[in-house]
Each structure stands twice: as structure tokens, then as C-alpha cells.
Amino acid sequence: MTLDQYNAIEVSQYYRRLDAASLESDRCYEITLLEGAFAGLKMLLTAKRELLAVCQLRKSGMADMSMEAEEEVEETVNVILSSEELFASHLPAVKMAACGSVFIEKTGGGQHLVICGAGHVSIALIRIAKMIGFKITVIDDRPSFTNNARAAGADKVICEAFTPALKAMDDGDAPYFVVVTRGHQYDVDCMHEILKKKHSYIGMMGSRVRVKNLKNGLLNEGFDAALLDSVHMPIGLKIGAQTPEEIAVSIIAEIIECRRSSAEDYHYSRQMMDALCKHTTHDMSMALATIVVKKGCGPREAGTKMIVLEDGSLIGTIGGGCAEAAVIQKARYCMRNKSCALEHVDMTGREAAENGLVCGGVMDVFIQYLS
């Protein structure tokens, strides 16, 4: 294996590959070296552990490396690829490899919301779902309604009948499916296709009578009872929602509950990924902060990310408060010195309590300057 074909010269190239991979496959592995001469080196692997990209984010790329250094990186990558132990237990986690400590996490998936129907609830749902990082596909066969969905911010709009549109849809990223069509027969058409696909969530809007009739019909057709029981219908948490906006909130709340129950979470928000995909060497400097270890109580889990920009503005959060302030300060240091750092934040003891760090845990945050 040589690195030439995998070398992502710029940050944006690497993250465009990651973003594309997250929508084209089930899950990917992202591995970050935490120490040594190549601290900050990132590797992107498929779910089958095939190498997709290698990027040294502190530099303009690896094209300026000496042959000896490139051979060392190549050896490091091969060591990691051949290590079964790194992938054997719960992720995300810091693991020890022959090259030193690495942070390994699963990414991809859990970011694609497919909405069947483009009525009032769908429009409200698009706006809220965009805020929490989903890429959104909307299907409806009415041009005027799909135009409204596009204007509301949907990433992809399919103006076509539900059955052929869903049949043609790739389910590699296990989408979240929401069925909010204008009639019972359209619900049936959607469910026939969605139940055959890989998915992270299925929810259907409708009255209890409508839901009961649809479920009985699908059972009679031979669909698995356990699969049908897993479908959220009627959709949404029971909060007494009535308006389209309130119904959209109840649906998103249920989706969040479902997404957060998964151990394999996606830690790049849509806003964060957009910023990384578009970042060039001519832009404002930025640093990526990632919680790699969290012990005890704390506001966010390992894998949570935040971007600190040169002007002090933030994209995302690792929990706020004094802990975040300390990480921001170290991120500015890393940007000035074009370096990486591992920041230990102790949220225990009297001093921490006096400074507002009342969670009672500790965390290690890896900070990377992005050239």
C-alpha cells in the first residue's frame, strides 16, 4: 500500500471524502494519532477497514515530507490497519497501538432523514431537522409542494411517486424515515418499500384507527410482526402537539431519543461538516477539539467535537462553561503555534467547583490545528 492515492492534500478534501463516505456506506472508522511526530494524523477507513484517506491536518499535506517520513507514516498506517484489537471493543475510545495512543471512532450514518410527503408538517420538520445536523431528502409527487420543501432547506427533493422513488433509494446509510403523506394509500405505498430497507428509524403519522388498519393490512401481507412493532406509529412523543410546528418538535424529539440510544453516534454536526468541507488554506485558521476520554459525570460524551475559529467564534460545543473556556484558550495556542495538544480538564474538587465545573468528572480533549 502506498499513500499517494489516499493523501488528502487539504483539510477540505479529507472532509469531503468523510462526508461522502458517511452517506454512501453503513459506518466508517476515523482514527487519529494522539502522540508522536505525526500527532494529528487522521485515517478514514470503510466499515470493512479499507483505507479511504490519510491526512496530516497540521500541514498543507504530506507532499512535502521526506521519503523517510513518508515511509514512517506508511508503516504507521499499516500497523493500525493490521491491528484487530483496535476495533474489538466499544467505540469511541483511546487505544494503544505500536505507534502510540490513537483515538478511534465510528462515524457516518445517522445523518440522513427521508421525509415522505411535503405538506405543512414536513416543512416545519425540515427546518428543525436542519438545525440538528440532518441531510434531508423529501419525496412528493406534487411540484408545488416539493418547491416549498426545497425553499425550506431540503438537501434533495424528489418529485415522483413514492413507490419508484423509494425503490431507487440507496439505504447504505440506514436513513431515518418519516411518513407524513396526504392519505392512507400513500402511507401503504411508502411502508411497503421502507420496511424492506435498512433504517435507523421509521415513523408514520396518523390516527390510531388509521395506524391499526395499516398495521393489520401489512401483517396479513406477511410483514414481520416484530418489525412492524418497531415502527413509531403514531409518530412523535406524546406532548399534546397540535400545530404543524408542534408536531414537528414531537417527531424530532422522538428521533433524538432514538439516535442518542445508539452507541455509534455521529459527532460532526452538519454546520461543522460544511465548514470543514469548504475550508482552504486562504481561510481563517481553525482548530478542531474532540473529547477523547470522559470519566465520571460530564455534559458531553467521548467523540463530541467543537471547532474554534481564529476570531474566537465557535461551531458546536463540548459542554460550555469553564471547561470549554480552557479548551478554547488552548485551541488559540495551537493555532498560533500550528500544533496539536491534549488538554486535561478536571471537573472535580473544590477548585473546580469554585470555577463552575460542577459536573464531577474529568475529560481529555485533543486539539488539532487545521492548516
# chains A, B, ... in the order shown; residues from 1 in each chain; ligands from 1
$ residues_around --residues "Leu237 of chain A" --least-positions-apart "3" --cutoff "7 Å" --atoms "only C-alpha atoms" --output "ChimeraX atom specification"
/A:250-251,253-254
$ residues_around --residues "Leu342 of chain A" --least-positions-apart "3" --cutoff "8 Å" --atoms "only C-alpha atoms" --output "JSON, numbers by chain"
{"A": [34, 364, 365, 366, 367]}
$ closest_residue --among "A:Leu18, A:Cys258, A:Leu113, A:Val73" --to "Gly40 of chain A" --atoms "only C-alpha atoms"
A:Val73
$ closest_residue --among "A:Asp346, A:Cys340, A:Val77, A:Ile194" --to "Ala168 of chain A" --atoms "only C-alpha atoms"
A:Ile194
$ atom_distance --atom1 "atom CA of Cys28 of chain A" --atom2 "atom CA of Phe103 of chain A"
13.8 Å
$ select_by_dssp --residues "segment 238-344 of chain A" --states "strand (DSSP E or B)" --output "ChimeraX atom specification"
/A:286-295,305-309,314-316,340-344
$ write_last_selection --atoms "N, CA, C and O atoms" --output "PDB file, in the first residue's frame"
ATOM      1  N   MET A 286      -8.407  27.565  12.005  1.00  0.00           N
ATOM      2  CA  MET A 286      -9.348  26.942  12.927  1.00  0.00           C
ATOM      3  C   MET A 286      -8.678  25.767  13.600  1.00  0.00           C
ATOM      4  O   MET A 286      -7.660  25.251  13.143  1.00  0.00           O
ATOM      5  N   ALA A 287      -9.262  25.364  14.709  1.00  0.00           N
ATOM      6  CA  ALA A 287      -8.776  24.192  15.434  1.00  0.00           C
ATOM      7  C   ALA A 287      -9.965  23.302  15.756  1.00  0.00           C
ATOM      8  O   ALA A 287     -11.055  23.793  16.060  1.00  0.00           O
ATOM      9  N   LEU A 288      -9.742  22.007  15.670  1.00  0.00           N
ATOM     10  CA  LEU A 288     -10.777  21.021  15.969  1.00  0.00           C
ATOM     11  C   LEU A 288     -10.505  20.416  17.337  1.00  0.00           C
ATOM     12  O   LEU A 288      -9.433  19.861  17.579  1.00  0.00           O
ATOM     13  N   ALA A 289     -11.466  20.541  18.241  1.00  0.00           N
ATOM     14  CA  ALA A 289     -11.346  19.980  19.592  1.00  0.00           C
ATOM     15  C   ALA A 289     -12.278  18.774  19.712  1.00  0.00           C
ATOM     16  O   ALA A 289     -13.466  18.874  19.408  1.00  0.00           O
ATOM     17  N   THR A 290     -11.739  17.644  20.157  1.00  0.00           N
ATOM     18  CA  THR A 290     -12.508  16.406  20.276  1.00  0.00           C
ATOM     19  C   THR A 290     -12.329  15.818  21.661  1.00  0.00           C
ATOM     20  O   THR A 290     -11.192  15.631  22.121  1.00  0.00           O
ATOM     21  N   ILE A 291     -13.411  15.527  22.346  1.00  0.00           N
ATOM     22  CA  ILE A 291     -13.321  14.812  23.619  1.00  0.00           C
ATOM     23  C   ILE A 291     -12.927  13.375  23.312  1.00  0.00           C
ATOM     24  O   ILE A 291     -13.656  12.649  22.629  1.00  0.00           O
ATOM     25  N   VAL A 292     -11.756  12.950  23.793  1.00  0.00           N
ATOM     26  CA  VAL A 292     -11.300  11.585  23.518  1.00  0.00           C
ATOM     27  C   VAL A 292     -11.478  10.678  24.735  1.00  0.00           C
ATOM     28  O   VAL A 292     -11.569   9.450  24.586  1.00  0.00           O
ATOM     29  N   VAL A 293     -11.509  11.258  25.920  1.00  0.00           N
ATOM     30  CA  VAL A 293     -11.755  10.487  27.147  1.00  0.00           C
ATOM     31  C   VAL A 293     -12.701  11.273  28.024  1.00  0.00           C
ATOM     32  O   VAL A 293     -12.517  12.481  28.213  1.00  0.00           O
ATOM     33  N   LYS A 294     -13.732  10.607  28.553  1.00  0.00           N
ATOM     34  CA  LYS A 294     -14.587  11.223  29.559  1.00  0.00           C
ATOM     35  C   LYS A 294     -14.842  10.214  30.652  1.00  0.00           C
ATOM     36  O   LYS A 294     -15.289   9.090  30.392  1.00  0.00           O
ATOM     37  N   LYS A 295     -14.537  10.588  31.899  1.00  0.00           N
ATOM     38  CA  LYS A 295     -14.776   9.720  33.046  1.00  0.00           C
ATOM     39  C   LYS A 295     -15.644  10.456  34.047  1.00  0.00           C
ATOM     40  O   LYS A 295     -15.462  11.649  34.281  1.00  0.00           O
ATOM     41  N   LYS A 305     -17.379  16.974  19.340  1.00  0.00           N
ATOM     42  CA  LYS A 305     -16.420  17.861  18.677  1.00  0.00           C
ATOM     43  C   LYS A 305     -16.881  19.309  18.711  1.00  0.00           C
ATOM     44  O   LYS A 305     -18.065  19.605  18.814  1.00  0.00           O
ATOM     45  N   MET A 306     -15.892  20.193  18.575  1.00  0.00           N
ATOM     46  CA  MET A 306     -16.135  21.629  18.513  1.00  0.00           C
ATOM     47  C   MET A 306     -15.046  22.252  17.655  1.00  0.00           C
ATOM     48  O   MET A 306     -13.880  21.858  17.747  1.00  0.00           O
ATOM     49  N   ILE A 307     -15.410  23.201  16.820  1.00  0.00           N
ATOM     50  CA  ILE A 307     -14.429  23.955  16.034  1.00  0.00           C
ATOM     51  C   ILE A 307     -14.261  25.326  16.668  1.00  0.00           C
ATOM     52  O   ILE A 307     -15.244  26.004  16.967  1.00  0.00           O
ATOM     53  N   VAL A 308     -13.009  25.714  16.877  1.00  0.00           N
ATOM     54  CA  VAL A 308     -12.684  27.056  17.370  1.00  0.00           C
ATOM     55  C   VAL A 308     -12.040  27.815  16.213  1.00  0.00           C
ATOM     56  O   VAL A 308     -11.044  27.362  15.643  1.00  0.00           O
ATOM     57  N   LEU A 309     -12.623  28.957  15.849  1.00  0.00           N
ATOM     58  CA  LEU A 309     -12.072  29.760  14.766  1.00  0.00           C
ATOM     59  C   LEU A 309     -11.118  30.810  15.314  1.00  0.00           C
ATOM     60  O   LEU A 309     -11.147  31.147  16.507  1.00  0.00           O
ATOM     61  N   LEU A 314     -17.237  29.955  17.593  1.00  0.00           N
ATOM     62  CA  LEU A 314     -17.298  28.510  17.746  1.00  0.00           C
ATOM     63  C   LEU A 314     -18.322  27.898  16.804  1.00  0.00           C
ATOM     64  O   LEU A 314     -19.317  28.533  16.455  1.00  0.00           O
ATOM     65  N   ILE A 315     -18.057  26.668  16.414  1.00  0.00           N
ATOM     66  CA  ILE A 315     -19.063  25.838  15.755  1.00  0.00           C
ATOM     67  C   ILE A 315     -19.175  24.583  16.596  1.00  0.00           C
ATOM     68  O   ILE A 315     -18.230  23.808  16.719  1.00  0.00           O
ATOM     69  N   GLY A 316     -20.320  24.394  17.221  1.00  0.00           N
ATOM     70  CA  GLY A 316     -20.500  23.269  18.126  1.00  0.00           C
ATOM     71  C   GLY A 316     -20.083  23.609  19.540  1.00  0.00           C
ATOM     72  O   GLY A 316     -19.654  24.728  19.852  1.00  0.00           O
ATOM     73  N   CYS A 340      -0.618  20.542  17.852  1.00  0.00           N
ATOM     74  CA  CYS A 340      -1.684  19.778  18.485  1.00  0.00           C
ATOM     75  C   CYS A 340      -1.437  19.756  19.997  1.00  0.00           C
ATOM     76  O   CYS A 340      -0.312  19.962  20.447  1.00  0.00           O
ATOM     77  N   ALA A 341      -2.476  19.483  20.752  1.00  0.00           N
ATOM     78  CA  ALA A 341      -2.317  19.404  22.204  1.00  0.00           C
ATOM     79  C   ALA A 341      -3.400  18.512  22.785  1.00  0.00           C
ATOM     80  O   ALA A 341      -4.497  18.403  22.234  1.00  0.00           O
ATOM     81  N   LEU A 342      -3.075  17.874  23.888  1.00  0.00           N
ATOM     82  CA  LEU A 342      -4.053  17.081  24.627  1.00  0.00           C
ATOM     83  C   LEU A 342      -4.320  17.810  25.935  1.00  0.00           C
ATOM     84  O   LEU A 342      -3.442  17.907  26.798  1.00  0.00           O
ATOM     85  N   GLU A 343      -5.505  18.361  26.070  1.00  0.00           N
ATOM     86  CA  GLU A 343      -5.870  19.176  27.233  1.00  0.00           C
ATOM     87  C   GLU A 343      -6.647  18.330  28.230  1.00  0.00           C
ATOM     88  O   GLU A 343      -7.680  17.730  27.891  1.00  0.00           O
ATOM     89  N   HIS A 344      -6.151  18.277  29.466  1.00  0.00           N
ATOM     90  CA  HIS A 344      -6.836  17.536  30.523  1.00  0.00           C
ATOM     91  C   HIS A 344      -7.690  18.516  31.322  1.00  0.00           C
ATOM     92  O   HIS A 344      -7.200  19.533  31.811  1.00  0.00           O
TER      93      HIS A 344
END
$ residues_around --residues "Leu227 of chain A" --least-positions-apart "6" --cutoff "12 Å" --atoms "only C-alpha atoms" --output "number ranges by chain"
A: 191, 194-199, 201-202, 215, 218-219
$ closest_residue --among "A:Glu30, A:Glu324, A:Asp229, A:Glu246" --to "Glu105 of chain A" --atoms "only C-alpha atoms"
A:Glu30
$ residues_around --residues "His112 of chain A" --least-positions-apart "3" --cutoff "8 Å" --atoms "only C-alpha atoms" --output "list in words"
Leu23, Gly109, Phe134, Lys135, Ile136, Thr137, Asp173, Ala174, Pro175 and Tyr176 of chain A
$ write_last_selection --atoms "all heavy atoms" --output "mmCIF file, in the first residue's frame"
data_model
loop_
_atom_site.group_PDB
_atom_site.id
_atom_site.type_symbol
_atom_site.label_atom_id
_atom_site.label_comp_id
_atom_site.auth_asym_id
_atom_site.auth_seq_id
_atom_site.Cartn_x
_atom_site.Cartn_y
_atom_site.Cartn_z
ATOM 1 N N LEU A 23 -22.465 9.003 3.807
ATOM 2 C CA LEU A 23 -23.767 8.840 3.160
ATOM 3 C C LEU A 23 -23.800 7.646 2.216
ATOM 4 O O LEU A 23 -24.867 7.222 1.784
ATOM 5 C CB LEU A 23 -24.134 10.111 2.394
ATOM 6 C CG LEU A 23 -24.418 11.338 3.244
ATOM 7 C CD1 LEU A 23 -24.736 12.528 2.365
ATOM 8 C CD2 LEU A 23 -25.575 11.083 4.202
ATOM 9 N N GLY A 109 -23.465 7.507 8.832
ATOM 10 C CA GLY A 109 -24.782 7.022 9.204
ATOM 11 C C GLY A 109 -25.467 7.962 10.177
ATOM 12 O O GLY A 109 -24.878 8.860 10.745
ATOM 13 N N PHE A 134 -29.133 17.039 10.205
ATOM 14 C CA PHE A 134 -29.534 16.046 9.213
ATOM 15 C C PHE A 134 -29.380 16.570 7.789
ATOM 16 O O PHE A 134 -29.613 17.748 7.521
ATOM 17 C CB PHE A 134 -31.001 15.644 9.412
ATOM 18 C CG PHE A 134 -31.210 14.614 10.475
ATOM 19 C CD1 PHE A 134 -31.654 14.985 11.733
ATOM 20 C CD2 PHE A 134 -30.965 13.276 10.227
ATOM 21 C CE1 PHE A 134 -31.854 14.033 12.724
ATOM 22 C CE2 PHE A 134 -31.161 12.316 11.207
ATOM 23 C CZ PHE A 134 -31.605 12.701 12.460
ATOM 24 N N LYS A 135 -28.991 15.657 6.887
ATOM 25 C CA LYS A 135 -29.199 15.873 5.473
ATOM 26 C C LYS A 135 -30.593 15.351 5.151
ATOM 27 O O LYS A 135 -30.959 14.254 5.576
ATOM 28 C CB LYS A 135 -28.151 15.127 4.648
ATOM 29 C CG LYS A 135 -26.847 15.883 4.488
ATOM 30 C CD LYS A 135 -25.969 15.271 3.410
ATOM 31 C CE LYS A 135 -24.778 16.163 3.132
ATOM 32 N NZ LYS A 135 -23.898 15.613 2.068
ATOM 33 N N ILE A 136 -31.357 16.112 4.392
ATOM 34 C CA ILE A 136 -32.781 15.816 4.256
ATOM 35 C C ILE A 136 -33.161 15.564 2.812
ATOM 36 O O ILE A 136 -32.848 16.366 1.922
ATOM 37 C CB ILE A 136 -33.624 16.981 4.821
ATOM 38 C CG1 ILE A 136 -33.281 17.217 6.294
ATOM 39 C CG2 ILE A 136 -35.118 16.687 4.662
ATOM 40 C CD1 ILE A 136 -33.808 18.486 6.859
ATOM 41 N N THR A 137 -33.846 14.452 2.593
ATOM 42 C CA THR A 137 -34.452 14.139 1.302
ATOM 43 C C THR A 137 -35.963 14.147 1.472
ATOM 44 O O THR A 137 -36.484 13.535 2.420
ATOM 45 C CB THR A 137 -34.004 12.756 0.794
ATOM 46 O OG1 THR A 137 -32.596 12.757 0.595
ATOM 47 C CG2 THR A 137 -34.692 12.401 -0.520
ATOM 48 N N ASP A 173 -26.780 4.144 4.178
ATOM 49 C CA ASP A 173 -26.526 4.943 5.377
ATOM 50 C C ASP A 173 -27.627 4.768 6.427
ATOM 51 O O ASP A 173 -27.684 5.527 7.384
ATOM 52 C CB ASP A 173 -26.365 6.416 5.008
ATOM 53 C CG ASP A 173 -27.594 6.980 4.311
ATOM 54 O OD1 ASP A 173 -28.462 6.186 3.889
ATOM 55 O OD2 ASP A 173 -27.707 8.209 4.176
ATOM 56 N N ALA A 174 -28.497 3.759 6.243
ATOM 57 C CA ALA A 174 -29.564 3.466 7.205
ATOM 58 C C ALA A 174 -30.329 4.740 7.584
ATOM 59 O O ALA A 174 -30.239 5.224 8.711
ATOM 60 C CB ALA A 174 -29.004 2.785 8.448
ATOM 61 N N PRO A 175 -31.100 5.309 6.645
ATOM 62 C CA PRO A 175 -31.766 6.596 6.898
ATOM 63 C C PRO A 175 -32.812 6.531 8.007
ATOM 64 O O PRO A 175 -33.267 5.451 8.402
ATOM 65 C CB PRO A 175 -32.446 6.907 5.553
ATOM 66 C CG PRO A 175 -31.801 6.020 4.549
ATOM 67 C CD PRO A 175 -31.372 4.800 5.294
ATOM 68 N N TYR A 176 -33.192 7.687 8.463
ATOM 69 C CA TYR A 176 -34.370 7.864 9.307
ATOM 70 C C TYR A 176 -35.534 8.175 8.364
ATOM 71 O O TYR A 176 -35.466 9.145 7.614
ATOM 72 C CB TYR A 176 -34.170 9.016 10.283
ATOM 73 C CG TYR A 176 -33.199 8.727 11.403
ATOM 74 C CD1 TYR A 176 -31.848 8.544 11.161
ATOM 75 C CD2 TYR A 176 -33.637 8.638 12.722
ATOM 76 C CE1 TYR A 176 -30.953 8.270 12.186
ATOM 77 C CE2 TYR A 176 -32.757 8.365 13.764
ATOM 78 C CZ TYR A 176 -31.419 8.188 13.485
ATOM 79 O OH TYR A 176 -30.540 7.922 14.512
#
$ select_by_dssp --residues "segment 15-226 of chain A" --states "alpha helix (DSSP H)" --output "VMD selection string"
chain A and resid 15 to 24 67 to 81 120 to 131 143 to 152 162 to 167 184 to 194 208 to 220 225 to 226
$ write_last_selection --atoms "C-alpha atoms" --output "PDB file, in the first residue's frame"
ATOM      1  CA  TYR A  15     -13.586  16.007   4.996  1.00  0.00           C
ATOM      2  CA  ARG A  16     -15.365  15.862   1.662  1.00  0.00           C
ATOM      3  CA  ARG A  17     -14.297  12.236   1.474  1.00  0.00           C
ATOM      4  CA  LEU A  18     -15.537  11.634   5.009  1.00  0.00           C
ATOM      5  CA  ASP A  19     -18.844  13.351   4.286  1.00  0.00           C
ATOM      6  CA  ALA A  20     -19.376  11.357   1.093  1.00  0.00           C
ATOM      7  CA  ALA A  21     -18.434   8.107   2.801  1.00  0.00           C
ATOM      8  CA  SER A  22     -20.882   8.764   5.632  1.00  0.00           C
ATOM      9  CA  LEU A  23     -23.767   8.840   3.160  1.00  0.00           C
ATOM     10  CA  GLU A  24     -22.584   6.030   0.905  1.00  0.00           C
ATOM     11  CA  MET A  67      10.880   9.907   1.802  1.00  0.00           C
ATOM     12  CA  GLU A  68      11.880   8.596   5.242  1.00  0.00           C
ATOM     13  CA  ALA A  69       8.999  10.410   6.935  1.00  0.00           C
ATOM     14  CA  GLU A  70       6.503   9.203   4.357  1.00  0.00           C
ATOM     15  CA  GLU A  71       7.718   5.640   4.814  1.00  0.00           C
ATOM     16  CA  GLU A  72       7.245   6.045   8.573  1.00  0.00           C
ATOM     17  CA  VAL A  73       3.677   7.268   8.072  1.00  0.00           C
ATOM     18  CA  GLU A  74       3.020   4.382   5.710  1.00  0.00           C
ATOM     19  CA  GLU A  75       4.319   1.932   8.296  1.00  0.00           C
ATOM     20  CA  THR A  76       2.140   3.559  10.975  1.00  0.00           C
ATOM     21  CA  VAL A  77      -0.962   3.225   8.807  1.00  0.00           C
ATOM     22  CA  ASN A  78      -0.218  -0.419   8.050  1.00  0.00           C
ATOM     23  CA  VAL A  79       0.301  -1.191  11.737  1.00  0.00           C
ATOM     24  CA  ILE A  80      -3.085   0.261  12.564  1.00  0.00           C
ATOM     25  CA  LEU A  81      -4.857  -1.486   9.695  1.00  0.00           C
ATOM     26  CA  HIS A 120     -47.176  21.614   6.428  1.00  0.00           C
ATOM     27  CA  VAL A 121     -45.665  19.190   8.959  1.00  0.00           C
ATOM     28  CA  SER A 122     -42.898  18.286   6.528  1.00  0.00           C
ATOM     29  CA  ILE A 123     -41.920  21.945   6.037  1.00  0.00           C
ATOM     30  CA  ALA A 124     -41.663  22.508   9.796  1.00  0.00           C
ATOM     31  CA  LEU A 125     -39.761  19.229  10.156  1.00  0.00           C
ATOM     32  CA  ILE A 126     -37.201  20.245   7.520  1.00  0.00           C
ATOM     33  CA  ARG A 127     -36.388  23.479   9.327  1.00  0.00           C
ATOM     34  CA  ILE A 128     -35.900  21.823  12.716  1.00  0.00           C
ATOM     35  CA  ALA A 129     -34.043  18.772  11.380  1.00  0.00           C
ATOM     36  CA  LYS A 130     -31.525  21.024   9.606  1.00  0.00           C
ATOM     37  CA  MET A 131     -30.704  22.627  12.955  1.00  0.00           C
ATOM     38  CA  PRO A 143     -44.413  20.021  -7.908  1.00  0.00           C
ATOM     39  CA  SER A 144     -45.728  22.985  -5.926  1.00  0.00           C
ATOM     40  CA  PHE A 145     -45.236  21.119  -2.643  1.00  0.00           C
ATOM     41  CA  THR A 146     -41.735  19.909  -3.498  1.00  0.00           C
ATOM     42  CA  ASN A 147     -40.837  23.504  -4.397  1.00  0.00           C
ATOM     43  CA  ASN A 148     -41.881  24.514  -0.880  1.00  0.00           C
ATOM     44  CA  ALA A 149     -39.696  21.746   0.557  1.00  0.00           C
ATOM     45  CA  ARG A 150     -36.721  22.949  -1.457  1.00  0.00           C
ATOM     46  CA  ALA A 151     -37.284  26.521  -0.264  1.00  0.00           C
ATOM     47  CA  ALA A 152     -37.461  25.295   3.349  1.00  0.00           C
ATOM     48  CA  PHE A 162     -43.454   7.324  -3.589  1.00  0.00           C
ATOM     49  CA  THR A 163     -43.038   3.705  -4.700  1.00  0.00           C
ATOM     50  CA  PRO A 164     -40.489   4.184  -7.514  1.00  0.00           C
ATOM     51  CA  ALA A 165     -38.646   6.909  -5.598  1.00  0.00           C
ATOM     52  CA  LEU A 166     -38.189   4.700  -2.534  1.00  0.00           C
ATOM     53  CA  LYS A 167     -37.314   1.628  -4.600  1.00  0.00           C
ATOM     54  CA  HIS A 184     -53.811   6.282   3.708  1.00  0.00           C
ATOM     55  CA  GLN A 185     -52.957   4.653   0.372  1.00  0.00           C
ATOM     56  CA  TYR A 186     -49.787   6.723   0.095  1.00  0.00           C
ATOM     57  CA  ASP A 187     -48.809   5.571   3.603  1.00  0.00           C
ATOM     58  CA  VAL A 188     -49.264   1.973   2.480  1.00  0.00           C
ATOM     59  CA  ASP A 189     -47.139   2.548  -0.626  1.00  0.00           C
ATOM     60  CA  CYS A 190     -44.348   4.079   1.454  1.00  0.00           C
ATOM     61  CA  MET A 191     -44.383   1.396   4.132  1.00  0.00           C
ATOM     62  CA  HIS A 192     -44.228  -1.402   1.558  1.00  0.00           C
ATOM     63  CA  GLU A 193     -40.849  -0.090   0.384  1.00  0.00           C
ATOM     64  CA  ILE A 194     -39.405   1.328   3.626  1.00  0.00           C
ATOM     65  CA  ARG A 208     -54.858   5.277  15.930  1.00  0.00           C
ATOM     66  CA  VAL A 209     -57.556   3.813  13.673  1.00  0.00           C
ATOM     67  CA  ARG A 210     -55.532   4.576  10.552  1.00  0.00           C
ATOM     68  CA  VAL A 211     -52.419   3.080  12.121  1.00  0.00           C
ATOM     69  CA  LYS A 212     -54.277  -0.028  13.265  1.00  0.00           C
ATOM     70  CA  ASN A 213     -55.764  -0.642   9.824  1.00  0.00           C
ATOM     71  CA  LEU A 214     -52.406  -0.184   8.116  1.00  0.00           C
ATOM     72  CA  LYS A 215     -50.618  -2.489  10.565  1.00  0.00           C
ATOM     73  CA  ASN A 216     -53.230  -5.220  10.219  1.00  0.00           C
ATOM     74  CA  GLY A 217     -53.055  -4.986   6.448  1.00  0.00           C
ATOM     75  CA  LEU A 218     -49.277  -5.317   6.446  1.00  0.00           C
ATOM     76  CA  LEU A 219     -49.424  -8.269   8.853  1.00  0.00           C
ATOM     77  CA  ASN A 220     -51.875 -10.005   6.530  1.00  0.00           C
ATOM     78  CA  ALA A 225     -44.752  -8.505  13.418  1.00  0.00           C
ATOM     79  CA  ALA A 226     -41.615  -7.534  15.363  1.00  0.00           C
TER      80      ALA A 226
END
$ atom_distance --atom1 "atom CA of Ser89 of chain A" --atom2 "atom CA of Gly361 of chain A"
22.6 Å
$ residues_around --residues "Lys238 of chain A" --least-positions-apart "2" --cutoff "12 Å" --atoms "only C-alpha atoms" --output "ChimeraX atom specification"
/A:232-236,240-242,246-254
